[in-house]
$ cat structure.cif   # mmCIF, N, CA and C atoms
data_model
loop_
_atom_site.label_atom_id
_atom_site.label_comp_id
_atom_site.auth_asym_id
_atom_site.auth_seq_id
_atom_site.Cartn_x
_atom_site.Cartn_y
_atom_site.Cartn_z
N MET S 918 -20.08 -81.12 77.83
CA MET S 918 -20.07 -80.42 76.56
C MET S 918 -20.93 -81.20 75.57
N THR S 919 -21.82 -80.52 74.96
CA THR S 919 -22.70 -81.15 73.98
C THR S 919 -22.40 -80.61 72.59
N THR S 920 -22.63 -81.44 71.59
CA THR S 920 -22.44 -81.00 70.21
C THR S 920 -23.76 -80.94 69.47
N ASP S 921 -24.84 -81.08 70.17
CA ASP S 921 -26.17 -81.00 69.58
C ASP S 921 -26.46 -79.54 69.23
N SER S 922 -26.61 -79.24 67.94
CA SER S 922 -26.83 -77.85 67.53
C SER S 922 -28.22 -77.36 67.90
N SER S 923 -29.03 -78.22 68.53
CA SER S 923 -30.35 -77.76 68.97
C SER S 923 -30.25 -76.97 70.27
N VAL S 924 -29.04 -76.96 70.88
CA VAL S 924 -28.83 -76.16 72.08
C VAL S 924 -28.90 -74.70 71.67
N LYS S 925 -29.83 -73.99 72.24
CA LYS S 925 -30.03 -72.58 71.86
C LYS S 925 -29.09 -71.68 72.64
N PRO S 926 -28.43 -70.78 71.95
CA PRO S 926 -27.56 -69.83 72.67
C PRO S 926 -28.40 -68.83 73.45
N PRO S 927 -27.82 -68.28 74.51
CA PRO S 927 -28.54 -67.28 75.30
C PRO S 927 -28.67 -65.96 74.54
N VAL S 928 -29.51 -65.10 75.04
CA VAL S 928 -29.76 -63.80 74.40
C VAL S 928 -28.47 -63.01 74.27
N TRP S 929 -27.59 -63.07 75.27
CA TRP S 929 -26.36 -62.27 75.20
C TRP S 929 -25.48 -62.69 74.02
N PHE S 930 -25.57 -63.97 73.59
CA PHE S 930 -24.83 -64.41 72.41
C PHE S 930 -25.27 -63.61 71.19
N TRP S 931 -26.58 -63.43 71.04
CA TRP S 931 -27.11 -62.70 69.89
C TRP S 931 -26.73 -61.22 69.96
N VAL S 932 -26.77 -60.66 71.15
CA VAL S 932 -26.40 -59.25 71.33
C VAL S 932 -24.93 -59.05 70.94
N VAL S 933 -24.07 -59.90 71.47
CA VAL S 933 -22.63 -59.79 71.15
C VAL S 933 -22.41 -59.98 69.65
N SER S 934 -23.07 -60.94 69.05
CA SER S 934 -22.89 -61.22 67.63
C SER S 934 -23.35 -60.05 66.76
N VAL S 935 -24.47 -59.44 67.11
CA VAL S 935 -24.96 -58.29 66.34
C VAL S 935 -24.03 -57.09 66.51
N VAL S 936 -23.58 -56.83 67.73
CA VAL S 936 -22.64 -55.72 67.96
C VAL S 936 -21.35 -55.97 67.19
N ALA S 937 -20.88 -57.22 67.19
CA ALA S 937 -19.66 -57.57 66.44
C ALA S 937 -19.87 -57.35 64.94
N LEU S 938 -21.04 -57.70 64.45
CA LEU S 938 -21.34 -57.48 63.03
C LEU S 938 -21.31 -55.99 62.71
N ILE S 939 -21.92 -55.18 63.55
CA ILE S 939 -21.92 -53.72 63.33
C ILE S 939 -20.49 -53.18 63.37
N TRP S 940 -19.69 -53.64 64.34
CA TRP S 940 -18.28 -53.24 64.44
C TRP S 940 -17.53 -53.55 63.14
N ASN S 941 -17.75 -54.77 62.63
CA ASN S 941 -17.06 -55.15 61.41
C ASN S 941 -17.59 -54.43 60.18
N LEU S 942 -18.87 -54.08 60.18
CA LEU S 942 -19.40 -53.25 59.08
C LEU S 942 -18.73 -51.87 59.08
N MET S 943 -18.46 -51.33 60.27
CA MET S 943 -17.74 -50.06 60.35
C MET S 943 -16.32 -50.22 59.81
N GLY S 944 -15.70 -51.36 60.07
CA GLY S 944 -14.38 -51.64 59.52
C GLY S 944 -14.40 -51.73 58.01
N VAL S 945 -15.42 -52.37 57.47
CA VAL S 945 -15.57 -52.46 56.01
C VAL S 945 -15.73 -51.06 55.42
N MET S 946 -16.52 -50.22 56.06
CA MET S 946 -16.71 -48.85 55.57
C MET S 946 -15.38 -48.08 55.61
N ALA S 947 -14.59 -48.27 56.66
CA ALA S 947 -13.29 -47.61 56.76
C ALA S 947 -12.37 -48.10 55.64
N TYR S 948 -12.39 -49.40 55.38
CA TYR S 948 -11.57 -49.95 54.30
C TYR S 948 -11.99 -49.38 52.95
N LEU S 949 -13.29 -49.40 52.68
CA LEU S 949 -13.78 -48.89 51.39
C LEU S 949 -13.46 -47.40 51.23
N GLY S 950 -13.58 -46.65 52.33
CA GLY S 950 -13.24 -45.22 52.29
C GLY S 950 -11.79 -45.00 51.94
N GLN S 951 -10.92 -45.86 52.45
CA GLN S 951 -9.50 -45.74 52.15
C GLN S 951 -9.18 -46.26 50.76
N ALA S 952 -9.72 -47.41 50.41
CA ALA S 952 -9.40 -48.05 49.13
C ALA S 952 -9.92 -47.25 47.94
N PHE S 953 -11.03 -46.56 48.12
CA PHE S 953 -11.64 -45.83 47.01
C PHE S 953 -11.63 -44.32 47.26
N MET S 954 -10.63 -43.85 47.98
CA MET S 954 -10.51 -42.42 48.26
C MET S 954 -10.32 -41.66 46.94
N THR S 955 -11.13 -40.64 46.76
CA THR S 955 -11.04 -39.85 45.53
C THR S 955 -9.82 -38.93 45.58
N GLU S 956 -9.44 -38.45 44.43
CA GLU S 956 -8.33 -37.50 44.34
C GLU S 956 -8.64 -36.24 45.15
N GLU S 957 -9.91 -35.82 45.13
CA GLU S 957 -10.30 -34.63 45.88
C GLU S 957 -10.14 -34.85 47.39
N ALA S 958 -10.57 -36.02 47.86
CA ALA S 958 -10.44 -36.33 49.29
C ALA S 958 -8.97 -36.43 49.67
N LEU S 959 -8.16 -37.03 48.81
CA LEU S 959 -6.73 -37.15 49.07
C LEU S 959 -6.07 -35.78 49.11
N ALA S 960 -6.48 -34.90 48.20
CA ALA S 960 -5.91 -33.55 48.14
C ALA S 960 -6.30 -32.73 49.38
N ALA S 961 -7.42 -33.06 50.01
CA ALA S 961 -7.88 -32.32 51.18
C ALA S 961 -7.09 -32.68 52.44
N LEU S 962 -6.34 -33.76 52.40
CA LEU S 962 -5.55 -34.19 53.56
C LEU S 962 -4.30 -33.33 53.69
N SER S 963 -3.74 -33.34 54.90
CA SER S 963 -2.47 -32.66 55.07
C SER S 963 -1.40 -33.41 54.27
N GLU S 964 -0.28 -32.77 54.05
CA GLU S 964 0.78 -33.40 53.27
C GLU S 964 1.26 -34.70 53.93
N ALA S 965 1.38 -34.68 55.26
CA ALA S 965 1.84 -35.88 55.98
C ALA S 965 0.83 -37.02 55.84
N GLU S 966 -0.46 -36.70 55.94
CA GLU S 966 -1.49 -37.74 55.79
C GLU S 966 -1.50 -38.28 54.37
N ARG S 967 -1.42 -37.40 53.41
CA ARG S 967 -1.43 -37.81 52.01
C ARG S 967 -0.24 -38.73 51.72
N THR S 968 0.93 -38.36 52.21
CA THR S 968 2.12 -39.19 52.01
C THR S 968 1.93 -40.56 52.64
N MET S 969 1.33 -40.59 53.82
CA MET S 969 1.09 -41.85 54.50
C MET S 969 0.19 -42.77 53.66
N TYR S 970 -0.88 -42.23 53.09
CA TYR S 970 -1.78 -43.03 52.26
C TYR S 970 -1.10 -43.46 50.97
N GLU S 971 -0.36 -42.55 50.36
CA GLU S 971 0.25 -42.83 49.06
C GLU S 971 1.40 -43.83 49.15
N THR S 972 2.03 -43.92 50.31
CA THR S 972 3.18 -44.82 50.45
C THR S 972 2.83 -46.13 51.16
N GLN S 973 1.58 -46.33 51.49
CA GLN S 973 1.19 -47.59 52.17
C GLN S 973 1.41 -48.74 51.20
N PRO S 974 2.16 -49.76 51.63
CA PRO S 974 2.41 -50.89 50.72
C PRO S 974 1.16 -51.72 50.47
N ALA S 975 1.16 -52.40 49.33
CA ALA S 975 0.01 -53.22 48.95
C ALA S 975 -0.27 -54.31 49.97
N TRP S 976 0.78 -54.86 50.59
CA TRP S 976 0.56 -55.95 51.57
C TRP S 976 -0.21 -55.45 52.79
N ALA S 977 -0.01 -54.18 53.18
CA ALA S 977 -0.73 -53.63 54.33
C ALA S 977 -2.20 -53.41 53.96
N THR S 978 -2.45 -52.94 52.74
CA THR S 978 -3.82 -52.75 52.28
C THR S 978 -4.52 -54.11 52.15
N THR S 979 -3.80 -55.10 51.66
CA THR S 979 -4.36 -56.45 51.54
C THR S 979 -4.70 -57.01 52.92
N ALA S 980 -3.81 -56.81 53.88
CA ALA S 980 -4.08 -57.27 55.25
C ALA S 980 -5.32 -56.59 55.81
N PHE S 981 -5.47 -55.29 55.54
CA PHE S 981 -6.65 -54.54 55.98
C PHE S 981 -7.90 -55.17 55.38
N ALA S 982 -7.86 -55.48 54.09
CA ALA S 982 -9.01 -56.09 53.42
C ALA S 982 -9.35 -57.45 54.02
N ILE S 983 -8.34 -58.28 54.24
CA ILE S 983 -8.56 -59.60 54.82
C ILE S 983 -9.15 -59.47 56.22
N ALA S 984 -8.63 -58.51 56.99
CA ALA S 984 -9.12 -58.30 58.36
C ALA S 984 -10.60 -57.93 58.38
N VAL S 985 -10.99 -56.95 57.57
CA VAL S 985 -12.37 -56.47 57.66
C VAL S 985 -13.37 -57.40 56.96
N TRP S 986 -13.01 -57.90 55.79
CA TRP S 986 -13.95 -58.79 55.10
C TRP S 986 -14.05 -60.14 55.82
N GLY S 987 -12.92 -60.62 56.35
CA GLY S 987 -12.97 -61.85 57.15
C GLY S 987 -13.80 -61.65 58.41
N GLY S 988 -13.64 -60.50 59.05
CA GLY S 988 -14.44 -60.20 60.24
C GLY S 988 -15.92 -60.15 59.93
N LEU S 989 -16.26 -59.52 58.81
CA LEU S 989 -17.67 -59.43 58.42
C LEU S 989 -18.26 -60.82 58.15
N VAL S 990 -17.56 -61.62 57.36
CA VAL S 990 -18.05 -62.98 57.04
C VAL S 990 -18.09 -63.83 58.32
N GLY S 991 -17.09 -63.69 59.17
CA GLY S 991 -17.07 -64.43 60.42
C GLY S 991 -18.25 -64.09 61.32
N CYS S 992 -18.59 -62.81 61.38
CA CYS S 992 -19.73 -62.40 62.21
C CYS S 992 -21.06 -62.86 61.62
N ILE S 993 -21.15 -62.90 60.31
CA ILE S 993 -22.35 -63.46 59.68
C ILE S 993 -22.45 -64.94 60.04
N ALA S 994 -21.31 -65.64 60.02
CA ALA S 994 -21.30 -67.05 60.39
C ALA S 994 -21.70 -67.23 61.86
N LEU S 995 -21.28 -66.31 62.73
CA LEU S 995 -21.73 -66.37 64.13
C LEU S 995 -23.26 -66.33 64.19
N LEU S 996 -23.83 -65.39 63.47
CA LEU S 996 -25.29 -65.24 63.49
C LEU S 996 -26.01 -66.44 62.87
N LEU S 997 -25.33 -67.11 61.93
CA LEU S 997 -25.89 -68.32 61.33
C LEU S 997 -25.60 -69.57 62.16
N ARG S 998 -24.80 -69.38 63.25
CA ARG S 998 -24.41 -70.47 64.14
C ARG S 998 -23.65 -71.57 63.41
N LYS S 999 -22.63 -71.15 62.68
CA LYS S 999 -21.80 -72.08 61.91
C LYS S 999 -20.42 -72.19 62.52
N LYS S 1000 -19.91 -73.42 62.59
CA LYS S 1000 -18.59 -73.65 63.18
C LYS S 1000 -17.48 -72.98 62.39
N TRP S 1001 -17.68 -72.78 61.10
CA TRP S 1001 -16.63 -72.17 60.30
C TRP S 1001 -16.42 -70.70 60.64
N ALA S 1002 -17.21 -70.16 61.55
CA ALA S 1002 -16.98 -68.79 62.03
C ALA S 1002 -15.59 -68.70 62.67
N HIS S 1003 -15.21 -69.72 63.41
CA HIS S 1003 -13.92 -69.69 64.13
C HIS S 1003 -12.73 -69.56 63.18
N PRO S 1004 -12.56 -70.44 62.17
CA PRO S 1004 -11.40 -70.27 61.29
C PRO S 1004 -11.44 -68.97 60.48
N VAL S 1005 -12.63 -68.53 60.12
CA VAL S 1005 -12.72 -67.27 59.36
C VAL S 1005 -12.31 -66.10 60.25
N LEU S 1006 -12.76 -66.09 61.49
CA LEU S 1006 -12.36 -65.03 62.42
C LEU S 1006 -10.87 -65.12 62.76
N LEU S 1007 -10.32 -66.31 62.74
CA LEU S 1007 -8.87 -66.48 62.95
C LEU S 1007 -8.08 -65.87 61.78
N VAL S 1008 -8.54 -66.09 60.57
CA VAL S 1008 -7.91 -65.48 59.39
C VAL S 1008 -8.01 -63.95 59.49
N SER S 1009 -9.16 -63.46 59.91
CA SER S 1009 -9.35 -62.03 60.11
C SER S 1009 -8.34 -61.49 61.13
N LEU S 1010 -8.15 -62.22 62.22
CA LEU S 1010 -7.19 -61.81 63.25
C LEU S 1010 -5.76 -61.77 62.69
N ILE S 1011 -5.42 -62.73 61.87
CA ILE S 1011 -4.09 -62.71 61.23
C ILE S 1011 -3.95 -61.46 60.37
N GLY S 1012 -5.01 -61.12 59.63
CA GLY S 1012 -4.99 -59.87 58.84
C GLY S 1012 -4.81 -58.65 59.73
N ILE S 1013 -5.49 -58.65 60.87
CA ILE S 1013 -5.36 -57.54 61.82
C ILE S 1013 -3.92 -57.42 62.30
N ILE S 1014 -3.32 -58.54 62.66
CA ILE S 1014 -1.95 -58.52 63.18
C ILE S 1014 -0.97 -58.00 62.14
N VAL S 1015 -1.12 -58.45 60.90
CA VAL S 1015 -0.25 -57.98 59.82
C VAL S 1015 -0.46 -56.49 59.59
N GLN S 1016 -1.72 -56.08 59.53
CA GLN S 1016 -2.04 -54.66 59.33
C GLN S 1016 -1.48 -53.80 60.45
N MET S 1017 -1.64 -54.24 61.69
CA MET S 1017 -1.18 -53.45 62.82
C MET S 1017 0.34 -53.48 62.97
N THR S 1018 0.98 -54.52 62.45
CA THR S 1018 2.44 -54.53 62.41
C THR S 1018 2.92 -53.35 61.57
N HIS S 1019 2.26 -53.13 60.45
CA HIS S 1019 2.58 -51.97 59.62
C HIS S 1019 2.29 -50.68 60.38
N ALA S 1020 1.13 -50.60 60.99
CA ALA S 1020 0.72 -49.38 61.69
C ALA S 1020 1.66 -49.04 62.84
N PHE S 1021 2.08 -50.05 63.60
CA PHE S 1021 2.90 -49.80 64.80
C PHE S 1021 4.39 -49.64 64.49
N PHE S 1022 4.89 -50.39 63.52
CA PHE S 1022 6.34 -50.46 63.37
C PHE S 1022 6.90 -49.87 62.08
N ILE S 1023 6.07 -49.66 61.07
CA ILE S 1023 6.60 -49.23 59.78
C ILE S 1023 6.08 -47.86 59.36
N SER S 1024 4.80 -47.63 59.51
CA SER S 1024 4.22 -46.36 59.03
C SER S 1024 4.54 -45.22 59.98
N SER S 1025 4.18 -44.03 59.53
CA SER S 1025 4.37 -42.84 60.37
C SER S 1025 3.07 -42.42 61.04
N ASN S 1026 2.17 -43.39 61.22
CA ASN S 1026 0.86 -43.14 61.85
C ASN S 1026 0.95 -42.27 63.10
N PHE S 1027 1.79 -42.68 64.02
CA PHE S 1027 1.83 -42.03 65.32
C PHE S 1027 2.55 -40.69 65.26
N ASP S 1028 3.45 -40.53 64.30
CA ASP S 1028 4.08 -39.23 64.09
C ASP S 1028 3.06 -38.24 63.54
N VAL S 1029 2.19 -38.72 62.66
CA VAL S 1029 1.20 -37.86 62.02
C VAL S 1029 0.03 -37.55 62.95
N TYR S 1030 -0.49 -38.56 63.63
CA TYR S 1030 -1.69 -38.39 64.44
C TYR S 1030 -1.44 -38.29 65.94
N GLY S 1031 -0.24 -38.57 66.37
CA GLY S 1031 0.08 -38.48 67.79
C GLY S 1031 -0.19 -39.78 68.52
N PRO S 1032 0.15 -39.81 69.81
CA PRO S 1032 0.00 -41.05 70.59
C PRO S 1032 -1.44 -41.52 70.74
N GLY S 1033 -2.40 -40.64 70.61
CA GLY S 1033 -3.81 -41.04 70.70
C GLY S 1033 -4.21 -41.97 69.58
N ALA S 1034 -3.43 -42.02 68.52
CA ALA S 1034 -3.73 -42.90 67.40
C ALA S 1034 -3.48 -44.37 67.73
N MET S 1035 -2.94 -44.65 68.91
CA MET S 1035 -2.71 -46.04 69.32
C MET S 1035 -3.99 -46.69 69.84
N ILE S 1036 -4.94 -45.91 70.26
CA ILE S 1036 -6.15 -46.45 70.90
C ILE S 1036 -6.93 -47.36 69.97
N MET S 1037 -7.23 -46.89 68.76
CA MET S 1037 -8.05 -47.70 67.85
C MET S 1037 -7.33 -48.98 67.43
N PRO S 1038 -6.07 -48.95 67.03
CA PRO S 1038 -5.41 -50.22 66.69
C PRO S 1038 -5.40 -51.22 67.84
N ILE S 1039 -5.20 -50.76 69.05
CA ILE S 1039 -5.21 -51.67 70.21
C ILE S 1039 -6.61 -52.24 70.40
N MET S 1040 -7.64 -51.40 70.25
CA MET S 1040 -9.02 -51.90 70.36
C MET S 1040 -9.31 -52.95 69.30
N VAL S 1041 -8.85 -52.71 68.07
CA VAL S 1041 -9.09 -53.64 66.97
C VAL S 1041 -8.46 -54.99 67.29
N ILE S 1042 -7.23 -54.99 67.79
CA ILE S 1042 -6.55 -56.24 68.14
C ILE S 1042 -7.32 -56.96 69.25
N ILE S 1043 -7.69 -56.26 70.28
CA ILE S 1043 -8.40 -56.87 71.41
C ILE S 1043 -9.73 -57.48 70.96
N ILE S 1044 -10.47 -56.73 70.16
CA ILE S 1044 -11.78 -57.23 69.69
C ILE S 1044 -11.58 -58.42 68.76
N GLY S 1045 -10.56 -58.38 67.90
CA GLY S 1045 -10.27 -59.51 67.02
C GLY S 1045 -9.97 -60.78 67.80
N VAL S 1046 -9.14 -60.66 68.83
CA VAL S 1046 -8.82 -61.81 69.69
C VAL S 1046 -10.08 -62.29 70.41
N ALA S 1047 -10.86 -61.35 70.94
CA ALA S 1047 -12.08 -61.72 71.67
C ALA S 1047 -13.07 -62.45 70.77
N LEU S 1048 -13.19 -62.05 69.51
CA LEU S 1048 -14.12 -62.73 68.61
C LEU S 1048 -13.68 -64.15 68.31
N VAL S 1049 -12.38 -64.37 68.18
CA VAL S 1049 -11.89 -65.73 67.96
C VAL S 1049 -12.25 -66.60 69.17
N PHE S 1050 -12.01 -66.10 70.38
CA PHE S 1050 -12.34 -66.85 71.59
C PHE S 1050 -13.85 -67.01 71.75
N PHE S 1051 -14.62 -66.01 71.36
CA PHE S 1051 -16.08 -66.07 71.43
C PHE S 1051 -16.61 -67.20 70.54
N ALA S 1052 -16.09 -67.27 69.32
CA ALA S 1052 -16.52 -68.33 68.40
C ALA S 1052 -16.14 -69.71 68.94
N ARG S 1053 -14.93 -69.83 69.48
CA ARG S 1053 -14.49 -71.10 70.06
C ARG S 1053 -15.39 -71.50 71.23
N MET S 1054 -15.73 -70.54 72.09
CA MET S 1054 -16.60 -70.81 73.23
C MET S 1054 -17.98 -71.29 72.75
N ALA S 1055 -18.51 -70.65 71.73
CA ALA S 1055 -19.83 -71.04 71.22
C ALA S 1055 -19.79 -72.46 70.65
N ILE S 1056 -18.71 -72.81 69.99
CA ILE S 1056 -18.56 -74.19 69.48
C ILE S 1056 -18.51 -75.16 70.65
N ASN S 1057 -17.68 -74.85 71.64
CA ASN S 1057 -17.54 -75.73 72.82
C ASN S 1057 -18.83 -75.91 73.58
N ARG S 1058 -19.69 -74.91 73.56
CA ARG S 1058 -20.97 -75.01 74.27
C ARG S 1058 -22.06 -75.66 73.42
N GLY S 1059 -21.73 -76.03 72.20
CA GLY S 1059 -22.68 -76.73 71.34
C GLY S 1059 -23.72 -75.86 70.70
N TRP S 1060 -23.43 -74.58 70.55
CA TRP S 1060 -24.40 -73.67 69.97
C TRP S 1060 -24.35 -73.66 68.44
N PHE S 1061 -23.33 -74.25 67.86
CA PHE S 1061 -23.13 -74.18 66.41
C PHE S 1061 -23.31 -75.55 65.78
N SER S 1062 -23.65 -75.52 64.50
CA SER S 1062 -23.74 -76.77 63.74
C SER S 1062 -22.54 -76.87 62.81
#

$ encode --input "structure.cif" --output "structure tokens"
Amino acid sequence: MTTDSSVKPPVWFWVVSVVALIWNLMGVMAYLGQAFMTEEALAALSEAERTMYETQPAWATTAFAIAVWGGLVGCIALLLRKKWAHPVLLVSLIGIIVQMTHAFFISSNFDVYGPGAMIMPIMVIIIGVALVFFARMAINRGWFS
């Protein structure tokens, strides 16, 4: 194991990092769409969906924000080859876990959208965990400064 940051990562590192950045940008867009939903957009939802948005606790929204903004900053750090990508992505993962705790155990998500609504939260958790391990692997291989 080397800690010399002159060790260049392979091409697949850059591909994974860029795809992860795009994934997290989509998360940021989803967050902004929810956080700044207009009254007209809210009125266009079904009653069950509207109730779900209106009753979401502030801690769940905060966890969503931490998850997506942490993921975005963490992926930028990956592309900059910075060791602090790992703790930032870990904070993002904690946000994901808190957010998904609400989604799985407290909200009426699955009653409103059906069992298919489990796919995206599970994907988000898996990708969050994978990014934390990816950053750790890059540090261990000496790709980061």

$ closest_residue --input "structure.cif" --among "S:Arg967, S:Val945, S:Val1015, S:Trp1001" --to "Val985 in chain S" --atoms "all atoms listed in the file"
S:Val945

$ closest_residue --input "structure.cif" --among "S:Asp1028, S:Thr1018, S:Pro1004, S:Trp940" --to "Val1049 in chain S" --atoms "only C-alpha atoms"
S:Pro1004

$ residues_around --input "structure.cif" --residues "Gln1016 in chain S" --least-positions-apart "6" --cutoff "6 Å" --atoms "only C-alpha atoms" --output "list in words"
Ala977, Ala980 and Phe981 of chain S

$ atom_distance --input "structure.cif" --atom1 "CA of Ser963 in chain S" --atom2 "atom N of Ser1024 in chain S"
17.2 Å

$ closest_residue --input "structure.cif" --among "S:Gly988, S:Pro974, S:Gly950, S:Gly1045" --to "Leu938 in chain S" --atoms "only C-alpha atoms"
S:Gly988

$ residues_around --input "structure.cif" --residues "Val990 in chain S" --least-positions-apart "2" --cutoff "10 Å" --atoms "only C-alpha atoms" --output "number ranges by chain"
S: 938, 941, 985-988, 992-996, 1001-1002, 1005-1006, 1009

$ atom_distance --input "structure.cif" --atom1 "CA of Tyr1030 in chain S" --atom2 "atom C of Met954 in chain S"
19.8 Å

$ atom_distance --input "structure.cif" --atom1 "CA of Gly1059 in chain S" --atom2 "CA of Leu989 in chain S"
22.2 Å

$ select_by_dssp --input "structure.cif" --residues "range 962-1043 of chain S" --states "alpha helix (DSSP H)" --output "number ranges by chain"
S: 964-971, 975-997, 1002-1018, 1026-1030, 1036-1043

$ resolve_selection --input "structure.cif" --expression "the PyMOL selection byres (((chain S and resi 1055 and name CA) around 10) and name CA)" --output "ChimeraX atom specification"
/S:926,930,995,998-1000,1002-1003,1050-1054,1056-1061

$ closest_residue --input "structure.cif" --among "S:Glu957, S:Leu1007, S:Ile1013, S:Ser1062" --to "Ala982 in chain S" --atoms "only N, CA and C atoms"
S:Ile1013

$ resolve_selection --input "structure.cif" --expression "the PyMOL selection byres (((chain S and resi 1035-1038 and name CA) around 9) and name CA)" --output "ChimeraX atom specification"
/S:1013,1017,1020-1021,1026-1027,1031-1034,1039-1043

$ closest_residue --input "structure.cif" --among "S:Met946, S:Val1029, S:Val935, S:Leu1048" --to "Ala965 in chain S" --atoms "all atoms listed in the file"
S:Val1029
